[in-house]
$ cat my_file35.cif   # mmCIF, C-alpha atoms
data_work
#
loop_
_atom_site.group_PDB
_atom_site.id
_atom_site.type_symbol
_atom_site.label_atom_id
_atom_site.label_comp_id
_atom_site.auth_asym_id
_atom_site.auth_seq_id
_atom_site.Cartn_x
_atom_site.Cartn_y
_atom_site.Cartn_z
ATOM 1 C CA MET A 191 185.088 126.376 77.172
ATOM 2 C CA LYS A 192 183.160 124.324 79.744
ATOM 3 C CA VAL A 193 179.416 124.229 79.130
ATOM 4 C CA ALA A 194 176.595 123.239 81.469
ATOM 5 C CA PHE A 195 173.389 122.272 79.701
ATOM 6 C CA ALA A 196 169.798 122.591 80.960
ATOM 7 C CA GLY A 197 167.011 121.012 78.932
ATOM 8 C CA THR A 198 164.438 118.246 78.938
ATOM 9 C CA PRO A 199 162.637 117.177 75.711
ATOM 10 C CA GLU A 200 163.785 116.039 72.276
ATOM 11 C CA PHE A 201 164.311 119.617 71.064
ATOM 12 C CA ALA A 202 166.917 120.059 73.802
ATOM 13 C CA ARG A 203 168.457 116.623 73.257
ATOM 14 C CA ILE A 204 169.310 117.497 69.666
ATOM 15 C CA ALA A 205 171.014 120.709 70.818
ATOM 16 C CA LEU A 206 173.037 118.845 73.445
ATOM 17 C CA GLU A 207 174.032 116.255 70.869
ATOM 18 C CA ALA A 208 175.315 119.025 68.584
ATOM 19 C CA ILE A 209 177.316 120.619 71.411
ATOM 20 C CA LEU A 210 178.930 117.302 72.285
ATOM 21 C CA ALA A 211 179.663 116.501 68.634
ATOM 22 C CA ALA A 212 181.410 119.876 68.317
ATOM 23 C CA GLY A 213 183.825 118.868 71.060
ATOM 24 C CA PHE A 214 182.752 121.136 73.927
ATOM 25 C CA ALA A 215 183.292 119.862 77.464
ATOM 26 C CA VAL A 216 179.938 119.359 79.235
ATOM 27 C CA PRO A 217 180.535 118.427 82.877
ATOM 28 C CA LEU A 218 176.908 118.773 84.034
ATOM 29 C CA VAL A 219 173.403 118.455 82.626
ATOM 30 C CA LEU A 220 170.268 119.756 84.349
ATOM 31 C CA THR A 221 166.968 118.195 83.352
ATOM 32 C CA GLN A 222 163.543 117.707 84.890
ATOM 33 C CA PRO A 223 162.878 114.744 87.200
ATOM 34 C CA ASP A 224 161.878 111.400 85.666
ATOM 35 C CA ARG A 225 158.117 111.311 85.098
ATOM 36 C CA PRO A 226 155.425 108.915 83.800
ATOM 37 C CA ALA A 227 155.054 109.030 80.013
ATOM 38 C CA GLY A 228 153.455 107.116 77.155
ATOM 39 C CA ARG A 229 150.399 104.874 77.108
ATOM 40 C CA GLY A 230 151.645 102.739 79.960
ATOM 41 C CA GLN A 231 152.579 105.801 82.048
ATOM 42 C CA ARG A 232 155.889 104.249 82.990
ATOM 43 C CA VAL A 233 158.392 106.506 84.690
ATOM 44 C CA GLN A 234 160.932 107.551 82.071
ATOM 45 C CA ALA A 235 164.095 109.603 81.949
ATOM 46 C CA SER A 236 163.950 112.661 79.713
ATOM 47 C CA PRO A 237 165.609 112.501 76.279
ATOM 48 C CA VAL A 238 168.304 114.866 77.587
ATOM 49 C CA LYS A 239 169.023 112.655 80.596
ATOM 50 C CA GLN A 240 169.268 109.561 78.407
ATOM 51 C CA LEU A 241 171.839 111.259 76.153
ATOM 52 C CA ALA A 242 173.810 112.601 79.115
ATOM 53 C CA GLN A 243 173.992 109.173 80.711
ATOM 54 C CA ALA A 244 175.123 107.627 77.427
ATOM 55 C CA HIS A 245 178.064 110.071 77.475
ATOM 56 C CA GLY A 246 178.834 109.632 81.170
ATOM 57 C CA ILE A 247 177.818 113.189 82.067
ATOM 58 C CA ALA A 248 176.657 114.022 85.594
ATOM 59 C CA VAL A 249 172.915 114.739 85.753
ATOM 60 C CA HIS A 250 171.140 117.045 88.223
ATOM 61 C CA GLN A 251 167.307 116.866 88.438
ATOM 62 C CA PRO A 252 165.914 119.385 90.938
ATOM 63 C CA GLU A 253 162.146 119.891 91.201
ATOM 64 C CA ARG A 254 162.770 123.624 91.507
ATOM 65 C CA LEU A 255 165.752 125.947 91.674
ATOM 66 C CA LYS A 256 164.654 128.381 94.380
ATOM 67 C CA ASN A 257 166.581 126.667 97.178
ATOM 68 C CA PRO A 258 170.294 127.609 97.119
ATOM 69 C CA ALA A 259 171.115 123.980 97.963
ATOM 70 C CA THR A 260 169.944 122.992 94.470
ATOM 71 C CA HIS A 261 172.579 125.314 92.968
ATOM 72 C CA VAL A 262 175.533 123.433 94.485
ATOM 73 C CA PRO A 263 176.143 120.978 91.587
ATOM 74 C CA LEU A 264 176.178 123.853 89.082
ATOM 75 C CA ARG A 265 178.631 125.843 91.190
ATOM 76 C CA ALA A 266 180.836 122.785 91.570
ATOM 77 C CA ALA A 267 180.865 122.208 87.795
ATOM 78 C CA ASP A 268 182.727 125.526 87.410
ATOM 79 C CA VAL A 269 181.437 126.239 83.898
ATOM 80 C CA ASP A 270 182.018 129.171 81.581
ATOM 81 C CA VAL A 271 178.585 129.089 79.938
ATOM 82 C CA MET A 272 175.237 127.465 80.581
ATOM 83 C CA VAL A 273 173.045 126.649 77.589
ATOM 84 C CA VAL A 274 169.295 126.361 78.210
ATOM 85 C CA ALA A 275 166.818 124.789 75.797
ATOM 86 C CA ALA A 276 163.221 123.913 76.696
ATOM 87 C CA TYR A 277 164.221 123.144 80.270
ATOM 88 C CA GLY A 278 160.787 123.750 81.785
ATOM 89 C CA LEU A 279 161.937 125.394 85.031
ATOM 90 C CA ILE A 280 162.327 129.086 85.779
ATOM 91 C CA LEU A 281 165.951 130.009 86.408
ATOM 92 C CA PRO A 282 166.287 132.557 89.232
ATOM 93 C CA GLN A 283 168.871 135.288 88.900
ATOM 94 C CA ALA A 284 171.097 133.502 91.409
ATOM 95 C CA VAL A 285 171.395 130.599 88.947
ATOM 96 C CA LEU A 286 171.936 132.863 85.937
ATOM 97 C CA ASP A 287 174.851 134.446 87.805
ATOM 98 C CA ILE A 288 176.722 131.162 88.400
ATOM 99 C CA PRO A 289 178.450 130.559 85.013
ATOM 100 C CA ARG A 290 181.574 132.676 84.651
ATOM 101 C CA ARG A 291 180.663 134.193 81.315
ATOM 102 C CA ASP A 292 176.995 133.834 80.331
ATOM 103 C CA CYS A 293 173.744 131.896 80.132
ATOM 104 C CA LEU A 294 172.445 131.349 76.594
ATOM 105 C CA ASN A 295 168.950 130.258 75.592
ATOM 106 C CA ILE A 296 167.867 128.464 72.408
ATOM 107 C CA HIS A 297 164.379 129.774 71.649
ATOM 108 C CA ALA A 298 162.268 128.393 68.805
ATOM 109 C CA SER A 299 161.033 131.645 67.273
ATOM 110 C CA LEU A 300 162.246 134.817 65.650
ATOM 111 C CA LEU A 301 162.161 136.996 68.733
ATOM 112 C CA PRO A 302 160.536 139.213 69.796
ATOM 113 C CA ARG A 303 157.687 137.346 68.085
ATOM 114 C CA TRP A 304 156.380 134.406 70.108
ATOM 115 C CA ARG A 305 158.038 134.757 73.451
ATOM 116 C CA GLY A 306 156.800 132.084 75.816
ATOM 117 C CA ALA A 307 155.989 128.394 76.090
ATOM 118 C CA ALA A 308 154.548 127.333 72.719
ATOM 119 C CA PRO A 309 156.240 129.317 69.925
ATOM 120 C CA ILE A 310 156.174 126.512 67.347
ATOM 121 C CA GLN A 311 152.453 125.842 67.693
ATOM 122 C CA ARG A 312 151.450 129.496 67.825
ATOM 123 C CA ALA A 313 153.435 130.358 64.699
ATOM 124 C CA ILE A 314 151.557 127.696 62.721
ATOM 125 C CA GLU A 315 148.207 128.601 64.251
ATOM 126 C CA ALA A 316 148.679 132.276 63.358
ATOM 127 C CA GLY A 317 149.545 131.489 59.745
ATOM 128 C CA ASP A 318 153.100 132.867 59.905
ATOM 129 C CA ALA A 319 155.037 132.429 56.677
ATOM 130 C CA GLU A 320 158.294 131.755 58.503
ATOM 131 C CA THR A 321 159.746 131.157 61.918
ATOM 132 C CA GLY A 322 163.180 130.281 63.232
ATOM 133 C CA VAL A 323 165.510 130.048 66.201
ATOM 134 C CA THR A 324 167.017 132.796 68.318
ATOM 135 C CA ILE A 325 170.106 132.392 70.479
ATOM 136 C CA MET A 326 169.890 134.981 73.226
ATOM 137 C CA ARG A 327 171.481 135.949 76.492
ATOM 138 C CA MET A 328 169.232 135.064 79.383
ATOM 139 C CA GLU A 329 167.879 137.543 81.890
ATOM 140 C CA ALA A 330 165.107 137.521 84.468
ATOM 141 C CA GLY A 331 162.333 138.447 81.980
ATOM 142 C CA LEU A 332 160.424 135.921 79.867
ATOM 143 C CA ASP A 333 162.496 135.555 76.679
ATOM 144 C CA THR A 334 163.436 139.225 76.792
ATOM 145 C CA GLY A 335 167.239 138.969 76.647
ATOM 146 C CA PRO A 336 169.464 140.471 73.940
ATOM 147 C CA MET A 337 169.923 138.385 70.798
ATOM 148 C CA LEU A 338 173.205 136.902 69.580
ATOM 149 C CA LEU A 339 172.140 134.886 66.532
ATOM 150 C CA GLN A 340 169.018 134.143 64.526
ATOM 151 C CA GLY A 341 168.221 131.665 61.782
ATOM 152 C CA SER A 342 164.941 131.384 59.891
ATOM 153 C CA THR A 343 163.019 128.710 58.025
ATOM 154 C CA PRO A 344 159.776 128.887 56.025
ATOM 155 C CA ILE A 345 156.647 127.268 57.435
ATOM 156 C CA ALA A 346 155.325 124.912 54.751
ATOM 157 C CA ALA A 347 151.592 124.635 54.107
ATOM 158 C CA THR A 348 151.792 121.028 55.292
ATOM 159 C CA ASP A 349 153.960 121.586 58.371
ATOM 160 C CA SER A 350 152.621 120.264 61.668
ATOM 161 C CA ALA A 351 154.041 121.192 65.041
ATOM 162 C CA ALA A 352 155.935 117.890 64.904
ATOM 163 C CA SER A 353 157.579 118.454 61.527
ATOM 164 C CA LEU A 354 158.388 122.099 62.257
ATOM 165 C CA HIS A 355 159.800 121.102 65.645
ATOM 166 C CA ASP A 356 162.241 118.745 63.936
ATOM 167 C CA LYS A 357 163.425 121.440 61.526
ATOM 168 C CA LEU A 358 163.909 123.976 64.306
ATOM 169 C CA ALA A 359 165.672 121.498 66.591
ATOM 170 C CA VAL A 360 168.345 120.905 63.949
ATOM 171 C CA LEU A 361 168.627 124.638 63.294
ATOM 172 C CA GLY A 362 168.925 125.302 67.030
ATOM 173 C CA GLY A 363 171.735 122.772 67.359
ATOM 174 C CA ARG A 364 173.644 124.388 64.512
ATOM 175 C CA LEU A 365 173.187 127.916 65.836
ATOM 176 C CA ILE A 366 174.195 127.156 69.428
ATOM 177 C CA VAL A 367 177.415 125.525 68.236
ATOM 178 C CA GLU A 368 178.092 128.590 66.109
ATOM 179 C CA ALA A 369 177.386 130.861 69.078
ATOM 180 C CA LEU A 370 179.745 128.951 71.361
ATOM 181 C CA ARG A 371 182.540 128.858 68.783
ATOM 182 C CA ASP A 372 182.232 132.561 67.972
ATOM 183 C CA PHE A 373 181.325 133.652 71.486
ATOM 184 C CA ASP A 374 183.945 136.400 71.776
ATOM 185 C CA ARG A 375 183.099 137.863 68.367
ATOM 186 C CA LEU A 376 179.320 138.029 68.703
ATOM 187 C CA THR A 377 177.468 141.264 69.370
ATOM 188 C CA ALA A 378 174.361 141.191 71.546
ATOM 189 C CA THR A 379 171.450 143.121 70.036
ATOM 190 C CA PRO A 380 168.524 144.261 72.202
ATOM 191 C CA GLN A 381 165.166 142.937 71.080
ATOM 192 C CA PRO A 382 162.981 145.468 69.260
ATOM 193 C CA ALA A 383 160.192 147.006 71.322
ATOM 194 C CA GLU A 384 157.782 146.511 68.431
ATOM 195 C CA GLY A 385 156.480 143.151 67.249
ATOM 196 C CA VAL A 386 156.325 141.459 70.649
ATOM 197 C CA THR A 387 153.845 138.565 70.858
ATOM 198 C CA TYR A 388 153.385 135.838 73.468
ATOM 199 C CA ALA A 389 153.000 132.132 72.776
ATOM 200 C CA ASN A 390 150.789 130.963 75.608
ATOM 201 C CA LYS A 391 151.043 127.337 76.708
ATOM 202 C CA ILE A 392 148.734 125.011 74.771
ATOM 203 C CA ASP A 393 145.644 124.075 76.767
ATOM 204 C CA LYS A 394 143.746 120.852 76.054
ATOM 205 C CA ALA A 395 140.550 122.905 76.036
ATOM 206 C CA GLU A 396 141.742 124.499 72.784
ATOM 207 C CA ALA A 397 141.598 121.163 70.966
ATOM 208 C CA ALA A 398 137.882 121.295 70.072
ATOM 209 C CA LEU A 399 137.347 122.789 66.609
ATOM 210 C CA ASN A 400 134.587 125.292 65.918
ATOM 211 C CA PHE A 401 133.327 124.675 62.384
ATOM 212 C CA ARG A 402 131.825 128.133 62.254
ATOM 213 C CA ARG A 403 135.384 129.362 61.799
ATOM 214 C CA PRO A 404 137.048 129.518 58.337
ATOM 215 C CA ALA A 405 138.468 126.271 56.960
ATOM 216 C CA THR A 406 141.927 127.860 56.565
ATOM 217 C CA GLU A 407 141.985 128.620 60.290
ATOM 218 C CA LEU A 408 140.912 125.081 61.221
ATOM 219 C CA ASP A 409 143.571 123.584 58.943
ATOM 220 C CA ARG A 410 146.213 125.599 60.788
ATOM 221 C CA ARG A 411 144.844 124.570 64.187
ATOM 222 C CA ILE A 412 144.912 120.887 63.234
ATOM 223 C CA ARG A 413 148.558 121.210 62.197
ATOM 224 C CA ALA A 414 149.477 123.334 65.224
ATOM 225 C CA PHE A 415 147.976 120.786 67.637
ATOM 226 C CA ASN A 416 149.666 117.770 66.040
ATOM 227 C CA PRO A 417 150.953 115.894 68.045
ATOM 228 C CA PHE A 418 149.639 117.639 71.184
ATOM 229 C CA PRO A 419 146.869 117.840 72.184
ATOM 230 C CA GLY A 420 145.359 116.757 68.858
ATOM 231 C CA ALA A 421 142.418 118.681 67.376
ATOM 232 C CA THR A 422 139.012 117.173 68.156
ATOM 233 C CA ALA A 423 135.405 117.208 67.012
ATOM 234 C CA VAL A 424 132.325 115.286 68.087
ATOM 235 C CA LEU A 425 130.745 112.914 65.565
ATOM 236 C CA GLY A 426 127.738 110.782 66.515
ATOM 237 C CA GLY A 427 128.340 111.457 70.201
ATOM 238 C CA ALA A 428 131.992 110.327 70.096
ATOM 239 C CA THR A 429 135.005 112.620 70.264
ATOM 240 C CA VAL A 430 137.170 112.059 67.190
ATOM 241 C CA LYS A 431 140.713 113.328 66.836
ATOM 242 C CA LEU A 432 141.529 115.092 63.572
ATOM 243 C CA TRP A 433 145.177 114.794 62.573
ATOM 244 C CA ARG A 434 145.253 116.030 59.002
ATOM 245 C CA GLY A 435 143.081 118.334 56.939
ATOM 246 C CA SER A 436 143.202 120.876 54.151
ATOM 247 C CA ALA A 437 141.119 123.923 53.329
ATOM 248 C CA GLU A 438 139.205 123.909 50.040
ATOM 249 C CA THR A 439 136.522 125.953 48.351
ATOM 250 C CA GLY A 440 132.880 125.103 48.913
ATOM 251 C CA ALA A 441 129.956 125.981 51.133
ATOM 252 C CA GLY A 442 127.374 124.433 53.405
ATOM 253 C CA GLU A 443 125.984 124.490 56.919
ATOM 254 C CA PRO A 444 128.979 124.666 59.301
ATOM 255 C CA GLY A 445 129.824 121.195 60.607
ATOM 256 C CA ALA A 446 127.799 119.361 57.963
ATOM 257 C CA VAL A 447 129.420 116.596 55.920
ATOM 258 C CA ILE A 448 128.868 117.499 52.271
ATOM 259 C CA ALA A 449 130.848 114.713 50.568
ATOM 260 C CA VAL A 450 132.698 111.511 51.516
ATOM 261 C CA ASN A 451 135.248 109.477 49.568
ATOM 262 C CA ASP A 452 138.589 107.741 50.063
ATOM 263 C CA GLU A 453 140.372 111.090 49.578
ATOM 264 C CA GLY A 454 138.637 112.832 52.441
ATOM 265 C CA ILE A 455 135.574 113.764 54.434
ATOM 266 C CA MET A 456 134.421 117.195 53.286
ATOM 267 C CA VAL A 457 133.040 119.262 56.156
ATOM 268 C CA ALA A 458 131.498 122.678 55.611
ATOM 269 C CA CYS A 459 132.910 125.536 57.675
ATOM 270 C CA GLY A 460 131.970 129.128 58.311
ATOM 271 C CA GLU A 461 134.039 129.904 55.241
ATOM 272 C CA GLY A 462 135.130 127.196 52.817
ATOM 273 C CA VAL A 463 135.320 123.440 53.350
ATOM 274 C CA LEU A 464 137.730 121.336 55.408
ATOM 275 C CA ARG A 465 138.841 118.050 53.844
ATOM 276 C CA LEU A 466 139.692 115.632 56.663
ATOM 277 C CA SER A 467 142.225 113.007 55.611
ATOM 278 C CA GLU A 468 143.527 111.458 58.855
ATOM 279 C CA LEU A 469 141.345 110.696 61.880
ATOM 280 C CA GLN A 470 141.285 108.662 65.080
ATOM 281 C CA LYS A 471 138.372 107.129 66.976
ATOM 282 C CA PRO A 472 138.441 106.888 70.787
ATOM 283 C CA GLY A 473 140.770 104.052 71.743
ATOM 284 C CA GLY A 474 141.826 103.529 68.131
ATOM 285 C CA ARG A 475 144.817 104.365 66.001
ATOM 286 C CA ARG A 476 145.452 107.292 63.706
ATOM 287 C CA LEU A 477 144.181 106.209 60.301
ATOM 288 C CA PRO A 478 144.146 107.546 56.747
ATOM 289 C CA VAL A 479 140.600 108.463 55.842
ATOM 290 C CA ALA A 480 140.078 105.436 53.569
ATOM 291 C CA ASP A 481 140.903 103.067 56.434
ATOM 292 C CA PHE A 482 138.916 105.142 58.919
ATOM 293 C CA LEU A 483 135.798 104.896 56.736
ATOM 294 C CA ARG A 484 136.001 101.105 56.631
ATOM 295 C CA GLY A 485 135.204 101.022 60.324
ATOM 296 C CA THR A 486 133.036 104.127 60.597
ATOM 297 C CA ALA A 487 130.038 104.875 58.413
ATOM 298 C CA ILE A 488 129.881 108.574 57.519
ATOM 299 C CA ARG A 489 127.464 109.964 54.968
ATOM 300 C CA PRO A 490 126.614 113.389 53.550
ATOM 301 C CA GLY A 491 124.305 115.094 55.986
ATOM 302 C CA ASP A 492 126.081 113.812 59.081
ATOM 303 C CA ARG A 493 127.429 116.504 61.354
ATOM 304 C CA PHE A 494 130.641 117.291 63.184
ATOM 305 C CA ALA A 495 130.271 119.469 66.267
#
$ encode --input "my_file35.cif" --output "structure tokens"
Amino acid sequence: MKVAFAGTPEFARIALEAILAAGFAVPLVLTQPDRPAGRGQRVQASPVKQLAQAHGIAVHQPERLKNPATHVPLRAADVDVMVVAAYGLILPQAVLDIPRRDCLNIHASLLPRWRGAAPIQRAIEAGDAETGVTIMRMEAGLDTGPMLLQGSTPIAATDSAASLHDKLAVLGGRLIVEALRDFDRLTATPQPAEGVTYANKIDKAEAALNFRRPATELDRRIRAFNPFPGATAVLGGATVKLWRGSAETGAGEPGAVIAVNDEGIMVACGEGVLRLSELQKPGGRRLPVADFLRGTAIRPGDRFA
């Protein structure tokens, strides 16, 4: 079986690595164009492109796929299946029709829950007990295709979007290899009509925490927005990023600091108290709370907004 692969970030790179390790022929990789990244904003190849180049695989990087001319490399690759994982471009029906047998998508949720762009973050934010990966056949709708395989994993109380991403990336790699090996024996199951939710793209405007909300909710938002965009609050006129917290019992005026020690900064919420244990000042590094307090004086009575 010849497999084309379309993907861009680390989640997709791990899936491609699994496909290659399983021995499938991959004559072509599609990935997004090189773009500035990191603190220095240097133009960088995507993780998928870097892996493809290391294996001598041809790489195609169209800005869009509406123009039929951009489809030529995929047609020339003459593949049986195309696997798509976090590619970042919409695939028109004309592209979906090119592979001889099918187009499969690796989606990081238990569909039909969390269709859309940010399923990992939204599952944490919503307080889901578990999530997983779905291998599905692609169609024109947004993550609406029939399902071939699913695998689940619990969401730990300490999971951030980063740690859950890593778990799901490995699971996705395992499931797509299983789907390709058992392709002729798999049965496609339509997604249930009930239980559909949409994982909207994360907006930077969501980063600011509202301490009138319950501490349990803010804990989930901090974890869901780690590493992007990073939850924020204003302290003494400066915007501070909050990377780790935990909900505890207690009460006070929302946003008020009620206790400070090397274990955490206790901030009252609309319900309960949020213990902040990893923070970052503007222009600084992420620091455990004990180190953060050495450079920033915070006392009971101070306020986060």
$ residues_around --input "my_file35.cif" --residues "Gly317 (chain A)" --least-positions-apart "3" --cutoff "8 Å" --atoms "only C-alpha atoms" --output "JSON, numbers by chain"
{"A": [313, 314, 410]}
$ residues_around --input "my_file35.cif" --residues "Thr348 (chain A)" --least-positions-apart "2" --cutoff "12 Å" --atoms "all atoms listed in the file" --output "NGL selection string"
:A and (314 or 317 or 319 or 344-346 or 350-354 or 409-414 or 416 or 433-437)
$ resolve_selection --input "my_file35.cif" --expression "the PyMOL selection byres ((chain A and resi 440) around 8)" --output "ChimeraX atom specification"
/A:438-439,441-442,458,462-463
$ closest_residue --input "my_file35.cif" --among "A:Val249, A:Met326, A:Val479, A:Ala259" --to "Leu218 (chain A)" --atoms "only C-alpha atoms"
A:Val249
$ residues_around --input "my_file35.cif" --residues "Glu329 (chain A)" --least-positions-apart "4" --cutoff "12 Å" --atoms "all atoms listed in the file" --output "number ranges by chain"
A: 274, 280-287, 292-295, 333-337, 380
$ closest_residue --input "my_file35.cif" --among "A:Arg303, A:Lys471, A:Lys357, A:Arg484" --to "Pro382 (chain A)" --atoms "only C-alpha atoms"
A:Arg303
$ residues_near_point --input "my_file35.cif" --point "(178.0, 128.1, 89.1)" --cutoff "6 Å" --atoms "all atoms listed in the file" --output "list of chain:residue names"
A:Leu264, A:Arg265, A:Asp268, A:Ile288, A:Pro289
$ residues_near_point --input "my_file35.cif" --point "(181.7, 126.9, 77.9)" --cutoff "12 Å" --atoms "all atoms listed in the file" --output "number ranges by chain"
A: 191-195, 209-210, 212-218, 267-273, 289-294, 366-367, 369-374
$ resolve_selection --input "my_file35.cif" --expression "the PyMOL selection byres ((chain A and resi 426) around 8)" --output "list in words"
Val424, Leu425, Gly427, Ala428, Arg493 and Phe494 of chain A
$ write_last_selection --input "my_file35.cif" --atoms "C-alpha atoms" --output "PDB file, in the frame of the given file"
ATOM      1  CA  VAL A 424     132.325 115.286  68.087  1.00  0.00           C
ATOM      2  CA  LEU A 425     130.745 112.914  65.565  1.00  0.00           C
ATOM      3  CA  GLY A 427     128.340 111.457  70.201  1.00  0.00           C
ATOM      4  CA  ALA A 428     131.992 110.327  70.096  1.00  0.00           C
ATOM      5  CA  ARG A 493     127.429 116.504  61.354  1.00  0.00           C
ATOM      6  CA  PHE A 494     130.641 117.291  63.184  1.00  0.00           C
TER       7      PHE A 494
END
$ closest_residue --input "my_file35.cif" --among "A:Cys459, A:Leu358, A:Leu376, A:Val233" --to "Ala205 (chain A)" --atoms "only C-alpha atoms"
A:Leu358
$ closest_residue --input "my_file35.cif" --among "A:Tyr277, A:Phe415, A:Tyr388, A:Phe201" --to "Asp349 (chain A)" --atoms "only C-alpha atoms"
A:Phe415
$ closest_residue --input "my_file35.cif" --among "A:Leu464, A:Ala480, A:Ala235, A:Leu469" --to "Asp452 (chain A)" --atoms "all atoms listed in the file"
A:Ala480
$ closest_residue --input "my_file35.cif" --among "A:Pro404, A:Gly197, A:Pro419, A:Gly385" --to "Ala242 (chain A)" --atoms "all atoms listed in the file"
A:Gly197
$ atom_distance --input "my_file35.cif" --atom1 "CA of Leu338 (chain A)" --atom2 "CA of Thr379 (chain A)"
6.5 Å
$ residues_around --input "my_file35.cif" --residues "Asn400 (chain A)" --least-positions-apart "2" --cutoff "10 Å" --atoms "all atoms listed in the file" --output "PDB file with C-alpha atoms, in the frame of the given file"
ATOM      1  CA  GLU A 396     141.742 124.499  72.784  1.00  0.00           C
ATOM      2  CA  ALA A 397     141.598 121.163  70.966  1.00  0.00           C
ATOM      3  CA  ALA A 398     137.882 121.295  70.072  1.00  0.00           C
ATOM      4  CA  ARG A 402     131.825 128.133  62.254  1.00  0.00           C
ATOM      5  CA  ARG A 403     135.384 129.362  61.799  1.00  0.00           C
ATOM      6  CA  PRO A 404     137.048 129.518  58.337  1.00  0.00           C
ATOM      7  CA  ALA A 405     138.468 126.271  56.960  1.00  0.00           C
ATOM      8  CA  GLU A 407     141.985 128.620  60.290  1.00  0.00           C
ATOM      9  CA  LEU A 408     140.912 125.081  61.221  1.00  0.00           C
ATOM     10  CA  THR A 422     139.012 117.173  68.156  1.00  0.00           C
ATOM     11  CA  ALA A 423     135.405 117.208  67.012  1.00  0.00           C
ATOM     12  CA  PRO A 444     128.979 124.666  59.301  1.00  0.00           C
ATOM     13  CA  GLY A 445     129.824 121.195  60.607  1.00  0.00           C
ATOM     14  CA  CYS A 459     132.910 125.536  57.675  1.00  0.00           C
ATOM     15  CA  GLY A 460     131.970 129.128  58.311  1.00  0.00           C
ATOM     16  CA  PHE A 494     130.641 117.291  63.184  1.00  0.00           C
ATOM     17  CA  ALA A 495     130.271 119.469  66.267  1.00  0.00           C
TER      18      ALA A 495
END
$ build_atoms --input "my_file35.cif" --residues "region 386-402 of chain A" --atoms "N, CA and C atoms" --output "JSON list (two decimals), in the frame of the given file"
[["chain", "number", "residue", "atom", "x", "y", "z"],
["A", 386, "VAL", "N", 156.33, 142.45, 69.57],
["A", 386, "VAL", "CA", 156.32, 141.46, 70.65],
["A", 386, "VAL", "C", 154.99, 140.73, 70.67],
["A", 387, "THR", "N", 155.04, 139.39, 70.65],
["A", 387, "THR", "CA", 153.84, 138.56, 70.86],
["A", 387, "THR", "C", 154.20, 137.45, 71.83],
["A", 388, "TYR", "N", 153.17, 136.87, 72.46],
["A", 388, "TYR", "CA", 153.38, 135.84, 73.47],
["A", 388, "TYR", "C", 152.72, 134.53, 73.05],
["A", 389, "ALA", "N", 153.48, 133.47, 73.14],
["A", 389, "ALA", "CA", 153.00, 132.13, 72.78],
["A", 389, "ALA", "C", 152.56, 131.41, 74.04],
["A", 390, "ASN", "N", 151.30, 131.59, 74.39],
["A", 390, "ASN", "CA", 150.79, 130.96, 75.61],
["A", 390, "ASN", "C", 150.84, 129.44, 75.50],
["A", 391, "LYS", "N", 151.01, 128.79, 76.64],
["A", 391, "LYS", "CA", 151.04, 127.34, 76.71],
["A", 391, "LYS", "C", 149.77, 126.75, 76.11],
["A", 392, "ILE", "N", 149.90, 125.66, 75.38],
["A", 392, "ILE", "CA", 148.73, 125.01, 74.77],
["A", 392, "ILE", "C", 147.89, 124.36, 75.85],
["A", 393, "ASP", "N", 146.60, 124.65, 75.82],
["A", 393, "ASP", "CA", 145.64, 124.08, 76.77],
["A", 393, "ASP", "C", 144.80, 123.03, 76.04],
["A", 394, "LYS", "N", 144.55, 121.90, 76.68],
["A", 394, "LYS", "CA", 143.75, 120.85, 76.05],
["A", 394, "LYS", "C", 142.36, 121.36, 75.65],
["A", 395, "ALA", "N", 141.87, 122.36, 76.36],
["A", 395, "ALA", "CA", 140.55, 122.90, 76.04],
["A", 395, "ALA", "C", 140.52, 123.56, 74.66],
["A", 396, "GLU", "N", 141.68, 123.90, 74.11],
["A", 396, "GLU", "CA", 141.74, 124.50, 72.78],
["A", 396, "GLU", "C", 141.56, 123.48, 71.66],
["A", 397, "ALA", "N", 141.59, 122.20, 71.99],
["A", 397, "ALA", "CA", 141.60, 121.16, 70.97],
["A", 397, "ALA", "C", 140.31, 121.11, 70.16],
["A", 398, "ALA", "N", 139.18, 121.43, 70.75],
["A", 398, "ALA", "CA", 137.88, 121.30, 70.07],
["A", 398, "ALA", "C", 137.75, 122.34, 68.96],
["A", 399, "LEU", "N", 137.49, 121.88, 67.75],
["A", 399, "LEU", "CA", 137.35, 122.79, 66.61],
["A", 399, "LEU", "C", 135.94, 123.37, 66.55],
["A", 400, "ASN", "N", 135.86, 124.60, 66.12],
["A", 400, "ASN", "CA", 134.59, 125.29, 65.92],
["A", 400, "ASN", "C", 134.39, 125.45, 64.42],
["A", 401, "PHE", "N", 133.49, 124.68, 63.84],
["A", 401, "PHE", "CA", 133.33, 124.68, 62.38],
["A", 401, "PHE", "C", 132.65, 125.93, 61.85],
["A", 402, "ARG", "N", 132.30, 126.83, 62.74],
["A", 402, "ARG", "CA", 131.82, 128.13, 62.25],
["A", 402, "ARG", "C", 132.99, 129.03, 61.85]]
